[in-house]
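A quick write-up on the structure given underneath.
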Amino acid sequence: MATQPITPELRRWIVAQAAAGHPPDIVLDAMKASGWNEAVALDALETTMKSRLGLASVDASIAADAATEPARPVPGAGIAAGTPAIRAADRDVRVVMAMTLPRVVVFAELLSAEECAELIALARSRLARSETVETATGASAVNPARTSDGMFFEPGEFPVCARLEKRIAALLGWPLENGEGLQILRYGPGTEYLPHYDYFDPDEAGTPAILQRGGQRVGSIVCYLNTPEAGGATVFPDVGLEVAPVRGNAVFFSYDRPHPATRTLHGGAPVDAGEKWVATKWLREGRFE
Ligand code: PD2
Ligand code: ZN
């Protein structure tokens with residue numbers, strides 16, 4: 001197929017048509033009417049819209065489907081590797097690595113060793129087999145994909161929770177009120193969390209009820225409370241990324257729409273030896289109360 005350069009003027013025109021609400025087939029017809037070859041016009045249209053959506057490297061059909069969901073503002077948008085340390089309320093936090101698609105940032109020293117131990121001690125007596133929100137019904141249920149034990153703290157339930165929540169809010173520039181309570185998970189040897197998305201599937205019947213409280217999840221931060229003897233990485237299979245679980249560190253990822261185009265499929269790899277403890281905080285687009 002012949003390629004034709006997409007001039008800034010053409011790009012602006014295509015984006016303006018989309019912004020005015022004209023569907024892609026109408027824009028394509030207009031381009032053909034002004035002399036464009038259909039295949040070349042389609043290519044220009046797709047390339048422009050994907051790049052506009054920040055989806056330049058995802059498959060065209062996935063990008064088109066993703067565009068049916070509006071992009072939402074996300075936490076931590078301005079964070080880049082190379083920033084030496086970020087003052088997050090009461091603590092300096094370092095950026096170990098940052099990437100754009102999926103949007104993932106790894107932080108070092110978000111928690112002190114004492115804070116990790118305190119969260120584990122407070123959670124231990126309240127552990128039960130992990131439940132996840134069933135989007136089909138909106139209720140909590142034991143999920144066979146997740147073989148860890150877990151519990152939730154209420155937001156601000158203990159001073160250590162409140163301190164970490166304030167720190168995360170400052171680090172990511174996201175309102176404290178938009179955060180769910182901290183979830184603590186304990187994985188034993190051989191246990192894992194199979195790959196999943198943290199957002200609520202818009203096609204599931206129970207999702208509208210879940211969204212009434214705070215709207216969609218737009219970000220997750222998984223904080224490592226210990227360093228397992230072996231295994232237990234947080235994995236992003238779409239992009240072959242593995243994040244090592246190191247006590248006090250955290251992996252943050254955001255998703256501006258509830259769609260696989262965000263490439264935020266992720267899981268907890270099996271723990272090969274020892275235990276793995278994490279504290280996960282999910283961030284909603286609105287107030288979670
Ligand atoms: O423990 C993890 O690495 C992990 C992996 C995937 C935690 C979560 N998801 C989660 O809490 O959502
Ligand atoms: Zn998850």
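Here, A, B, ... name the chains of the structure tokens in the order displayed, residue numbers run from 1 inside each chain, and ligands are numbered from 1 in the same displayed order.
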
- Write as a ChimeraX atom specification the residues around ligand 2, taking 7 Å as the cut-off and counting only C-alpha atoms and all ligand atoms. /A:196-198,266-267

(Q) Which residues are near ligand 1 in this structure, taking near to mean any atom at most 10 Å from a ligand atom and counting only C-alpha atoms and all ligand atoms? Format them as a PyMOL selection string. (A) chain A and resi 132+146+148+150+182-187+192-199+220-224+232-236+242-245+250-251+264-271+276-282

Can you list every residue in segment 27-200 of chain A that DSSP puts in strand (DSSP E or B), as a PDB file with N, CA, C and O atoms, in the first residue's frame?
ATOM      1  N   ILE A  86      10.943  11.860  44.987  1.00  0.00           N
ATOM      2  CA  ILE A  86       9.714  12.652  45.070  1.00  0.00           C
ATOM      3  C   ILE A  86       9.372  12.801  46.545  1.00  0.00           C
ATOM      4  O   ILE A  86       9.298  11.802  47.264  1.00  0.00           O
ATOM      5  N   ARG A  87       9.166  14.040  46.977  1.00  0.00           N
ATOM      6  CA  ARG A  87       8.754  14.257  48.367  1.00  0.00           C
ATOM      7  C   ARG A  87       7.282  13.881  48.469  1.00  0.00           C
ATOM      8  O   ARG A  87       6.422  14.544  47.875  1.00  0.00           O
ATOM      9  N   ALA A  88       6.972  12.812  49.153  1.00  0.00           N
ATOM     10  CA  ALA A  88       5.596  12.333  49.266  1.00  0.00           C
ATOM     11  C   ALA A  88       5.173  12.468  50.714  1.00  0.00           C
ATOM     12  O   ALA A  88       5.434  11.583  51.525  1.00  0.00           O
ATOM     13  N   ARG A  91       7.911  11.525  53.386  1.00  0.00           N
ATOM     14  CA  ARG A  91       9.000  10.615  52.999  1.00  0.00           C
ATOM     15  C   ARG A  91       9.468  10.892  51.570  1.00  0.00           C
ATOM     16  O   ARG A  91       8.656  11.275  50.718  1.00  0.00           O
ATOM     17  N   ASP A  92      10.747  10.663  51.320  1.00  0.00           N
ATOM     18  CA  ASP A  92      11.275  10.770  49.953  1.00  0.00           C
ATOM     19  C   ASP A  92      11.179   9.403  49.279  1.00  0.00           C
ATOM     20  O   ASP A  92      11.670   8.418  49.819  1.00  0.00           O
ATOM     21  N   VAL A  93      10.576   9.384  48.119  1.00  0.00           N
ATOM     22  CA  VAL A  93      10.368   8.119  47.401  1.00  0.00           C
ATOM     23  C   VAL A  93      11.110   8.205  46.073  1.00  0.00           C
ATOM     24  O   VAL A  93      11.043   9.221  45.383  1.00  0.00           O
ATOM     25  N   ARG A  94      11.827   7.124  45.730  1.00  0.00           N
ATOM     26  CA  ARG A  94      12.590   7.144  44.482  1.00  0.00           C
ATOM     27  C   ARG A  94      11.857   6.391  43.376  1.00  0.00           C
ATOM     28  O   ARG A  94      11.173   5.405  43.635  1.00  0.00           O
ATOM     29  N   VAL A  95      12.042   6.866  42.143  1.00  0.00           N
ATOM     30  CA  VAL A  95      11.478   6.199  40.970  1.00  0.00           C
ATOM     31  C   VAL A  95      12.549   5.263  40.421  1.00  0.00           C
ATOM     32  O   VAL A  95      13.645   5.710  40.073  1.00  0.00           O
ATOM     33  N   VAL A  96      12.231   3.979  40.344  1.00  0.00           N
ATOM     34  CA  VAL A  96      13.191   3.004  39.828  1.00  0.00           C
ATOM     35  C   VAL A  96      13.050   2.863  38.319  1.00  0.00           C
ATOM     36  O   VAL A  96      14.030   2.779  37.592  1.00  0.00           O
ATOM     37  N   MET A  97      11.818   2.819  37.846  1.00  0.00           N
ATOM     38  CA  MET A  97      11.596   2.763  36.402  1.00  0.00           C
ATOM     39  C   MET A  97      10.189   3.239  36.083  1.00  0.00           C
ATOM     40  O   MET A  97       9.305   3.179  36.939  1.00  0.00           O
ATOM     41  N   ALA A  98      10.029   3.747  34.865  1.00  0.00           N
ATOM     42  CA  ALA A  98       8.707   4.211  34.441  1.00  0.00           C
ATOM     43  C   ALA A  98       8.517   3.847  32.978  1.00  0.00           C
ATOM     44  O   ALA A  98       9.470   3.917  32.195  1.00  0.00           O
ATOM     45  N   MET A  99       7.324   3.419  32.614  1.00  0.00           N
ATOM     46  CA  MET A  99       7.028   3.175  31.204  1.00  0.00           C
ATOM     47  C   MET A  99       5.640   3.704  30.869  1.00  0.00           C
ATOM     48  O   MET A  99       4.859   4.010  31.783  1.00  0.00           O
ATOM     49  N   ARG A 103       1.118   1.886  31.408  1.00  0.00           N
ATOM     50  CA  ARG A 103       1.677   2.899  32.297  1.00  0.00           C
ATOM     51  C   ARG A 103       2.024   2.201  33.619  1.00  0.00           C
ATOM     52  O   ARG A 103       1.131   1.790  34.360  1.00  0.00           O
ATOM     53  N   VAL A 104       3.318   2.055  33.866  1.00  0.00           N
ATOM     54  CA  VAL A 104       3.812   1.384  35.071  1.00  0.00           C
ATOM     55  C   VAL A 104       4.937   2.219  35.650  1.00  0.00           C
ATOM     56  O   VAL A 104       5.797   2.705  34.908  1.00  0.00           O
ATOM     57  N   VAL A 105       4.928   2.417  36.954  1.00  0.00           N
ATOM     58  CA  VAL A 105       6.059   3.070  37.634  1.00  0.00           C
ATOM     59  C   VAL A 105       6.431   2.202  38.836  1.00  0.00           C
ATOM     60  O   VAL A 105       5.554   1.760  39.581  1.00  0.00           O
ATOM     61  N   VAL A 106       7.718   1.936  38.994  1.00  0.00           N
ATOM     62  CA  VAL A 106       8.197   1.194  40.161  1.00  0.00           C
ATOM     63  C   VAL A 106       8.868   2.184  41.108  1.00  0.00           C
ATOM     64  O   VAL A 106       9.724   2.972  40.685  1.00  0.00           O
ATOM     65  N   PHE A 107       8.439   2.145  42.364  1.00  0.00           N
ATOM     66  CA  PHE A 107       8.986   3.040  43.392  1.00  0.00           C
ATOM     67  C   PHE A 107       9.827   2.244  44.388  1.00  0.00           C
ATOM     68  O   PHE A 107       9.495   1.097  44.703  1.00  0.00           O
ATOM     69  N   ALA A 108      10.866   2.875  44.904  1.00  0.00           N
ATOM     70  CA  ALA A 108      11.661   2.266  45.979  1.00  0.00           C
ATOM     71  C   ALA A 108      11.439   3.039  47.261  1.00  0.00           C
ATOM     72  O   ALA A 108      11.235   4.266  47.243  1.00  0.00           O
ATOM     73  N   ALA A 128      -8.389 -13.959  55.818  1.00  0.00           N
ATOM     74  CA  ALA A 128      -9.327 -15.017  55.414  1.00  0.00           C
ATOM     75  C   ALA A 128      -9.021 -15.273  53.952  1.00  0.00           C
ATOM     76  O   ALA A 128      -8.341 -14.472  53.313  1.00  0.00           O
ATOM     77  N   ARG A 129      -9.511 -16.368  53.415  1.00  0.00           N
ATOM     78  CA  ARG A 129      -9.294 -16.649  51.995  1.00  0.00           C
ATOM     79  C   ARG A 129      -9.749 -15.443  51.169  1.00  0.00           C
ATOM     80  O   ARG A 129     -10.844 -14.924  51.369  1.00  0.00           O
ATOM     81  N   GLU A 131     -11.144 -12.657  48.821  1.00  0.00           N
ATOM     82  CA  GLU A 131     -12.341 -12.508  47.995  1.00  0.00           C
ATOM     83  C   GLU A 131     -12.108 -11.390  47.004  1.00  0.00           C
ATOM     84  O   GLU A 131     -11.350 -10.462  47.272  1.00  0.00           O
ATOM     85  N   THR A 132     -12.735 -11.478  45.835  1.00  0.00           N
ATOM     86  CA  THR A 132     -12.685 -10.360  44.891  1.00  0.00           C
ATOM     87  C   THR A 132     -14.110  -9.944  44.589  1.00  0.00           C
ATOM     88  O   THR A 132     -15.036 -10.724  44.776  1.00  0.00           O
ATOM     89  N   VAL A 133     -14.253  -8.713  44.105  1.00  0.00           N
ATOM     90  CA  VAL A 133     -15.595  -8.250  43.762  1.00  0.00           C
ATOM     91  C   VAL A 133     -16.028  -8.970  42.494  1.00  0.00           C
ATOM     92  O   VAL A 133     -15.336  -8.970  41.492  1.00  0.00           O
ATOM     93  N   SER A 140     -18.962  -9.807  46.937  1.00  0.00           N
ATOM     94  CA  SER A 140     -17.631 -10.384  47.103  1.00  0.00           C
ATOM     95  C   SER A 140     -17.743 -11.903  47.077  1.00  0.00           C
ATOM     96  O   SER A 140     -18.722 -12.465  47.540  1.00  0.00           O
ATOM     97  N   ALA A 141     -16.744 -12.563  46.525  1.00  0.00           N
ATOM     98  CA  ALA A 141     -16.763 -14.024  46.479  1.00  0.00           C
ATOM     99  C   ALA A 141     -15.342 -14.543  46.455  1.00  0.00           C
ATOM    100  O   ALA A 141     -14.427 -13.844  46.001  1.00  0.00           O
ATOM    101  N   VAL A 142     -15.129 -15.750  46.957  1.00  0.00           N
ATOM    102  CA  VAL A 142     -13.811 -16.370  46.865  1.00  0.00           C
ATOM    103  C   VAL A 142     -13.513 -16.601  45.394  1.00  0.00           C
ATOM    104  O   VAL A 142     -14.354 -17.067  44.642  1.00  0.00           O
ATOM    105  N   ARG A 146      -7.216 -16.637  42.628  1.00  0.00           N
ATOM    106  CA  ARG A 146      -6.338 -15.993  43.602  1.00  0.00           C
ATOM    107  C   ARG A 146      -6.224 -16.909  44.812  1.00  0.00           C
ATOM    108  O   ARG A 146      -7.201 -17.124  45.510  1.00  0.00           O
ATOM    109  N   ASP A 149      -4.335 -15.340  50.892  1.00  0.00           N
ATOM    110  CA  ASP A 149      -5.299 -14.946  51.924  1.00  0.00           C
ATOM    111  C   ASP A 149      -5.296 -13.427  51.985  1.00  0.00           C
ATOM    112  O   ASP A 149      -4.264 -12.801  51.740  1.00  0.00           O
ATOM    113  N   GLY A 150      -6.427 -12.834  52.374  1.00  0.00           N
ATOM    114  CA  GLY A 150      -6.433 -11.376  52.379  1.00  0.00           C
ATOM    115  C   GLY A 150      -7.446 -10.762  53.304  1.00  0.00           C
ATOM    116  O   GLY A 150      -8.300 -11.451  53.866  1.00  0.00           O
ATOM    117  N   MET A 151      -7.322  -9.454  53.485  1.00  0.00           N
ATOM    118  CA  MET A 151      -8.269  -8.681  54.289  1.00  0.00           C
ATOM    119  C   MET A 151      -8.207  -7.234  53.828  1.00  0.00           C
ATOM    120  O   MET A 151      -7.274  -6.827  53.133  1.00  0.00           O
ATOM    121  N   PHE A 152      -9.213  -6.467  54.196  1.00  0.00           N
ATOM    122  CA  PHE A 152      -9.225  -5.032  53.901  1.00  0.00           C
ATOM    123  C   PHE A 152      -9.181  -4.236  55.197  1.00  0.00           C
ATOM    124  O   PHE A 152      -9.876  -4.582  56.152  1.00  0.00           O
ATOM    125  N   GLY A 179      -9.396   6.967  47.267  1.00  0.00           N
ATOM    126  CA  GLY A 179      -8.741   5.674  47.454  1.00  0.00           C
ATOM    127  C   GLY A 179      -9.620   4.686  48.208  1.00  0.00           C
ATOM    128  O   GLY A 179     -10.297   5.053  49.173  1.00  0.00           O
ATOM    129  N   GLN A 183      -5.796  -3.133  50.905  1.00  0.00           N
ATOM    130  CA  GLN A 183      -6.021  -4.573  50.944  1.00  0.00           C
ATOM    131  C   GLN A 183      -4.688  -5.259  51.234  1.00  0.00           C
ATOM    132  O   GLN A 183      -3.675  -4.943  50.603  1.00  0.00           O
ATOM    133  N   ILE A 184      -4.684  -6.179  52.185  1.00  0.00           N
ATOM    134  CA  ILE A 184      -3.464  -6.940  52.477  1.00  0.00           C
ATOM    135  C   ILE A 184      -3.639  -8.362  51.961  1.00  0.00           C
ATOM    136  O   ILE A 184      -4.693  -8.984  52.190  1.00  0.00           O
ATOM    137  N   LEU A 185      -2.639  -8.862  51.253  1.00  0.00           N
ATOM    138  CA  LEU A 185      -2.656 -10.247  50.767  1.00  0.00           C
ATOM    139  C   LEU A 185      -1.436 -10.974  51.289  1.00  0.00           C
ATOM    140  O   LEU A 185      -0.334 -10.407  51.302  1.00  0.00           O
ATOM    141  N   ARG A 186      -1.644 -12.225  51.678  1.00  0.00           N
ATOM    142  CA  ARG A 186      -0.511 -13.090  52.027  1.00  0.00           C
ATOM    143  C   ARG A 186      -0.531 -14.303  51.096  1.00  0.00           C
ATOM    144  O   ARG A 186      -1.543 -15.005  51.016  1.00  0.00           O
ATOM    145  N   TYR A 187       0.565 -14.522  50.405  1.00  0.00           N
ATOM    146  CA  TYR A 187       0.709 -15.701  49.541  1.00  0.00           C
ATOM    147  C   TYR A 187       1.667 -16.673  50.228  1.00  0.00           C
ATOM    148  O   TYR A 187       2.747 -16.265  50.663  1.00  0.00           O
ATOM    149  N   TYR A 193      -1.484 -15.269  41.872  1.00  0.00           N
ATOM    150  CA  TYR A 193      -2.679 -14.512  41.488  1.00  0.00           C
ATOM    151  C   TYR A 193      -2.650 -14.467  39.965  1.00  0.00           C
ATOM    152  O   TYR A 193      -1.772 -13.818  39.383  1.00  0.00           O
ATOM    153  N   LEU A 194      -3.573 -15.205  39.349  1.00  0.00           N
ATOM    154  CA  LEU A 194      -3.538 -15.318  37.889  1.00  0.00           C
ATOM    155  C   LEU A 194      -3.787 -13.949  37.242  1.00  0.00           C
ATOM    156  O   LEU A 194      -4.443 -13.082  37.828  1.00  0.00           O
ATOM    157  N   PRO A 195      -3.260 -13.743  36.019  1.00  0.00           N
ATOM    158  CA  PRO A 195      -3.391 -12.429  35.371  1.00  0.00           C
ATOM    159  C   PRO A 195      -4.841 -11.964  35.237  1.00  0.00           C
ATOM    160  O   PRO A 195      -5.729 -12.752  34.919  1.00  0.00           O
ATOM    161  N   HIS A 196      -5.034 -10.698  35.487  1.00  0.00           N
ATOM    162  CA  HIS A 196      -6.371 -10.095  35.490  1.00  0.00           C
ATOM    163  C   HIS A 196      -6.202  -8.585  35.276  1.00  0.00           C
ATOM    164  O   HIS A 196      -5.084  -8.065  35.308  1.00  0.00           O
TER     165      HIS A 196
END

Calculate how many Å separate atom CA of Glu157 of chain A from atom CA of Val246 of chain A, rounding to one decimal.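 Answer for the atom CA of Glu157 of chain A to atom CA of Val246 of chain A separation: 24.9 Å.
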
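Interatomic distance, atom CA of Pro159 of chain A to atom CA of Glu115 of chain A: 10.2 Å.
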
Between A:Pro202, A:Gly181, A:Gly214, A:Gly231, which has the minimum distance to Ala162 of chain A (counting only C-alpha atoms)?
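Under the stated criterion, the closest residue is A:Gly181.
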
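The gap separating atom CA of Arg72 of chain A from atom CA of Arg263 of chain A is 15.6 Å, in Å to one decimal.
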
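Shortest atom-to-atom contact with Arg284 of chain A among A:Glu165, A:Glu177, A:Asp43, A:Glu69: A:Glu177, counting only C-alpha atoms.
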
Taking the chain letters and numbering used in this document, name the residues of segment 156-285 of chain A that DSSP puts in helix (DSSP H, G or I), as a compact mmCIF listing (two decimals) with all heavy atoms, in the first residue's frame.
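To be explicit, this is the file written out as states.txt:
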# COMPACT_ATOMS: atom_id res chain seq x y z
N PRO A 159 -3.16 4.43 62.37
CA PRO A 159 -2.25 5.52 61.97
C PRO A 159 -1.31 5.11 60.82
O PRO A 159 -1.06 5.91 59.91
CB PRO A 159 -1.49 5.82 63.25
CG PRO A 159 -2.44 5.44 64.36
CD PRO A 159 -3.20 4.26 63.85
N VAL A 160 -0.84 3.86 60.83
CA VAL A 160 0.07 3.43 59.75
C VAL A 160 -0.66 3.40 58.40
O VAL A 160 -0.06 3.73 57.36
CB VAL A 160 0.75 2.07 60.09
CG1 VAL A 160 -0.27 0.93 60.16
CG2 VAL A 160 1.86 1.75 59.10
N CYS A 161 -1.94 3.05 58.42
CA CYS A 161 -2.73 3.06 57.17
C CYS A 161 -2.88 4.51 56.69
O CYS A 161 -2.67 4.82 55.51
CB CYS A 161 -4.11 2.47 57.37
SG CYS A 161 -4.15 0.79 57.97
N ALA A 162 -3.27 5.38 57.62
CA ALA A 162 -3.51 6.79 57.26
C ALA A 162 -2.24 7.44 56.71
O ALA A 162 -2.28 8.19 55.74
CB ALA A 162 -4.00 7.55 58.49
N ARG A 163 -1.10 7.08 57.35
CA ARG A 163 0.18 7.66 56.91
C ARG A 163 0.52 7.20 55.49
O ARG A 163 0.91 8.00 54.63
CB ARG A 163 1.27 7.21 57.89
CG ARG A 163 2.50 8.04 57.89
CD ARG A 163 3.27 7.88 59.19
NE ARG A 163 3.75 6.52 59.39
CZ ARG A 163 3.48 5.76 60.45
NH1 ARG A 163 2.70 6.22 61.42
NH2 ARG A 163 3.98 4.54 60.54
N LEU A 164 0.36 5.92 55.22
CA LEU A 164 0.66 5.39 53.89
C LEU A 164 -0.32 5.96 52.85
O LEU A 164 0.08 6.32 51.73
CB LEU A 164 0.59 3.85 53.90
CG LEU A 164 0.82 3.16 52.56
CD1 LEU A 164 2.19 3.53 51.96
CD2 LEU A 164 0.73 1.63 52.72
N GLU A 165 -1.58 6.07 53.23
CA GLU A 165 -2.57 6.60 52.28
C GLU A 165 -2.27 8.05 51.92
O GLU A 165 -2.36 8.45 50.75
CB GLU A 165 -3.98 6.45 52.89
CG GLU A 165 -4.43 5.00 52.84
CD GLU A 165 -5.58 4.66 53.76
OE1 GLU A 165 -5.92 5.48 54.65
OE2 GLU A 165 -6.14 3.57 53.60
N LYS A 166 -1.88 8.83 52.93
CA LYS A 166 -1.52 10.24 52.66
C LYS A 166 -0.30 10.32 51.76
O LYS A 166 -0.21 11.15 50.85
CB LYS A 166 -1.19 10.95 53.99
CG LYS A 166 -2.29 11.84 54.48
CD LYS A 166 -1.91 12.52 55.76
CE LYS A 166 -1.26 13.87 55.52
NZ LYS A 166 -1.04 14.62 56.77
N ARG A 167 0.65 9.42 52.02
CA ARG A 167 1.88 9.40 51.23
C ARG A 167 1.58 9.06 49.77
O ARG A 167 2.10 9.69 48.84
CB ARG A 167 2.81 8.34 51.85
CG ARG A 167 4.26 8.51 51.54
CD ARG A 167 5.05 7.45 52.27
NE ARG A 167 5.15 7.68 53.70
CZ ARG A 167 5.40 6.72 54.61
NH1 ARG A 167 5.59 5.46 54.23
NH2 ARG A 167 5.47 7.02 55.88
N ILE A 168 0.73 8.05 49.58
CA ILE A 168 0.37 7.64 48.21
C ILE A 168 -0.37 8.77 47.50
O ILE A 168 -0.11 9.06 46.32
CB ILE A 168 -0.46 6.33 48.24
CG1 ILE A 168 0.42 5.15 48.67
CG2 ILE A 168 -1.10 6.06 46.89
CD1 ILE A 168 -0.34 3.84 48.93
N ALA A 169 -1.28 9.42 48.22
CA ALA A 169 -2.04 10.53 47.61
C ALA A 169 -1.09 11.64 47.16
O ALA A 169 -1.22 12.18 46.05
CB ALA A 169 -3.06 11.06 48.61
N ALA A 170 -0.09 11.94 48.00
CA ALA A 170 0.86 13.01 47.65
C ALA A 170 1.77 12.56 46.49
O ALA A 170 2.03 13.32 45.56
CB ALA A 170 1.70 13.37 48.87
N LEU A 171 2.21 11.31 46.56
CA LEU A 171 3.13 10.78 45.54
C LEU A 171 2.48 10.82 44.15
O LEU A 171 3.10 11.20 43.17
CB LEU A 171 3.49 9.34 45.91
CG LEU A 171 4.39 8.56 44.98
CD1 LEU A 171 5.79 9.18 44.96
CD2 LEU A 171 4.48 7.09 45.40
N LEU A 172 1.21 10.41 44.10
CA LEU A 172 0.54 10.26 42.81
C LEU A 172 -0.31 11.47 42.45
O LEU A 172 -0.92 11.50 41.38
CB LEU A 172 -0.33 8.99 42.82
CG LEU A 172 0.45 7.69 43.09
CD1 LEU A 172 -0.52 6.51 43.21
CD2 LEU A 172 1.47 7.42 41.98
N LEU A 176 -6.99 11.94 48.34
CA LEU A 176 -7.05 10.90 49.37
C LEU A 176 -8.41 10.20 49.37
O LEU A 176 -8.51 8.98 49.51
CB LEU A 176 -6.81 11.59 50.72
CG LEU A 176 -6.58 10.74 51.95
CD1 LEU A 176 -5.28 9.97 51.84
CD2 LEU A 176 -6.56 11.62 53.20
N GLU A 177 -9.46 11.00 49.18
CA GLU A 177 -10.84 10.47 49.27
C GLU A 177 -11.16 9.51 48.12
O GLU A 177 -12.17 8.83 48.15
CB GLU A 177 -11.89 11.59 49.22
CG GLU A 177 -11.63 12.80 50.08
CD GLU A 177 -10.56 13.72 49.46
OE1 GLU A 177 -10.76 14.25 48.36
OE2 GLU A 177 -9.51 13.86 50.13
N ASN A 178 -10.34 9.48 47.08
CA ASN A 178 -10.64 8.61 45.94
C ASN A 178 -10.06 7.21 46.13
O ASN A 178 -10.19 6.36 45.24
CB ASN A 178 -10.09 9.20 44.64
CG ASN A 178 -10.77 10.49 44.24
OD1 ASN A 178 -11.41 11.13 45.08
ND2 ASN A 178 -10.66 10.88 42.98
N THR A 207 -21.44 -4.25 37.21
CA THR A 207 -20.52 -3.11 37.22
C THR A 207 -21.21 -1.77 37.52
O THR A 207 -20.70 -1.00 38.34
CB THR A 207 -19.69 -3.07 35.92
OG1 THR A 207 -18.85 -4.24 35.91
CG2 THR A 207 -18.83 -1.84 35.81
N PRO A 208 -22.37 -1.46 36.92
CA PRO A 208 -22.98 -0.15 37.23
C PRO A 208 -23.18 0.07 38.72
O PRO A 208 -22.95 1.18 39.22
CB PRO A 208 -24.32 -0.21 36.48
CG PRO A 208 -24.08 -1.14 35.34
CD PRO A 208 -23.12 -2.19 35.88
N ALA A 209 -23.57 -0.98 39.46
CA ALA A 209 -23.77 -0.83 40.91
C ALA A 209 -22.44 -0.53 41.60
O ALA A 209 -22.37 0.34 42.48
CB ALA A 209 -24.39 -2.10 41.47
N ILE A 210 -21.39 -1.21 41.18
CA ILE A 210 -20.06 -0.99 41.79
C ILE A 210 -19.59 0.44 41.52
O ILE A 210 -19.01 1.09 42.39
CB ILE A 210 -19.04 -2.01 41.23
CG1 ILE A 210 -19.44 -3.44 41.60
CG2 ILE A 210 -17.63 -1.69 41.73
CD1 ILE A 210 -18.64 -4.51 40.87
N LEU A 211 -19.88 0.93 40.32
CA LEU A 211 -19.38 2.25 39.92
C LEU A 211 -20.09 3.40 40.64
O LEU A 211 -19.59 4.54 40.63
CB LEU A 211 -19.51 2.44 38.40
CG LEU A 211 -18.74 1.46 37.52
CD1 LEU A 211 -18.80 1.90 36.07
CD2 LEU A 211 -17.28 1.32 37.97
N PRO A 260 -8.59 -3.56 27.67
CA PRO A 260 -7.30 -4.26 27.52
C PRO A 260 -6.26 -3.46 26.74
O PRO A 260 -5.06 -3.74 26.84
CB PRO A 260 -7.67 -5.54 26.75
CG PRO A 260 -9.12 -5.75 27.01
CD PRO A 260 -9.72 -4.37 27.17
N ALA A 261 -6.71 -2.44 25.96
CA ALA A 261 -5.74 -1.62 25.23
C ALA A 261 -4.78 -0.92 26.17
O ALA A 261 -3.70 -0.48 25.75
CB ALA A 261 -6.48 -0.59 24.37
N THR A 262 -5.13 -0.83 27.43
CA THR A 262 -4.22 -0.23 28.41
C THR A 262 -3.05 -1.17 28.72
O THR A 262 -2.08 -0.75 29.35
CB THR A 262 -4.94 0.07 29.74
OG1 THR A 262 -5.50 -1.16 30.26
CG2 THR A 262 -6.05 1.09 29.56

Which polymer residues have any atom within 12 Å of an atom of segment 30-35 of chain A, counting only C-alpha atoms, with same-chain residues fewer than 6 positions away left out, as an mmCIF file with N, CA and C atoms, in the first residue's frame?
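That gives us result.cif:
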data_model
loop_
_atom_site.group_PDB
_atom_site.id
_atom_site.type_symbol
_atom_site.label_atom_id
_atom_site.label_comp_id
_atom_site.auth_asym_id
_atom_site.auth_seq_id
_atom_site.Cartn_x
_atom_site.Cartn_y
_atom_site.Cartn_z
ATOM 1 N N LEU A 10 -3.302 17.751 8.139
ATOM 2 C CA LEU A 10 -4.242 16.633 8.004
ATOM 3 C C LEU A 10 -4.562 16.054 9.383
ATOM 4 N N TRP A 13 -6.985 18.174 11.109
ATOM 5 C CA TRP A 13 -8.313 18.052 10.503
ATOM 6 C C TRP A 13 -9.009 16.769 10.975
ATOM 7 N N ILE A 14 -8.268 15.642 10.958
ATOM 8 C CA ILE A 14 -8.852 14.360 11.379
ATOM 9 C C ILE A 14 -9.303 14.446 12.838
ATOM 10 N N GLN A 17 -12.411 16.471 13.230
ATOM 11 C CA GLN A 17 -13.618 15.753 12.800
ATOM 12 C C GLN A 17 -14.093 14.822 13.908
ATOM 13 N N HIS A 22 -17.932 13.273 14.468
ATOM 14 C CA HIS A 22 -18.166 12.561 13.199
ATOM 15 C C HIS A 22 -17.579 11.166 13.298
ATOM 16 N N PRO A 23 -18.370 10.123 13.014
ATOM 17 C CA PRO A 23 -17.845 8.762 13.102
ATOM 18 C C PRO A 23 -16.767 8.517 12.041
ATOM 19 N N PRO A 24 -15.876 7.541 12.296
ATOM 20 C CA PRO A 24 -14.756 7.306 11.376
ATOM 21 C C PRO A 24 -15.187 7.063 9.935
ATOM 22 N N ALA A 41 -6.241 6.408 2.977
ATOM 23 C CA ALA A 41 -7.014 7.271 3.889
ATOM 24 C C ALA A 41 -7.280 6.555 5.208
ATOM 25 N N LEU A 42 -7.644 5.262 5.095
ATOM 26 C CA LEU A 42 -7.944 4.478 6.304
ATOM 27 C C LEU A 42 -6.704 4.393 7.189
ATOM 28 N N ASP A 43 -5.573 4.175 6.541
ATOM 29 C CA ASP A 43 -4.320 4.065 7.297
ATOM 30 C C ASP A 43 -4.023 5.383 8.027
ATOM 31 N N ALA A 44 -4.208 6.494 7.322
ATOM 32 C CA ALA A 44 -3.933 7.810 7.933
ATOM 33 C C ALA A 44 -4.873 8.062 9.108
ATOM 34 N N LEU A 45 -6.125 7.652 8.902
ATOM 35 C CA LEU A 45 -7.143 7.851 9.950
ATOM 36 C C LEU A 45 -6.789 7.042 11.193
#

Using only C-alpha atoms, can you tell me which of A:Leu241, A:Leu28, A:Ala85, A:Ala60 comes closest to Pro102 of chain A?
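Smallest separation from Pro102 of chain A among the options: A:Leu241.
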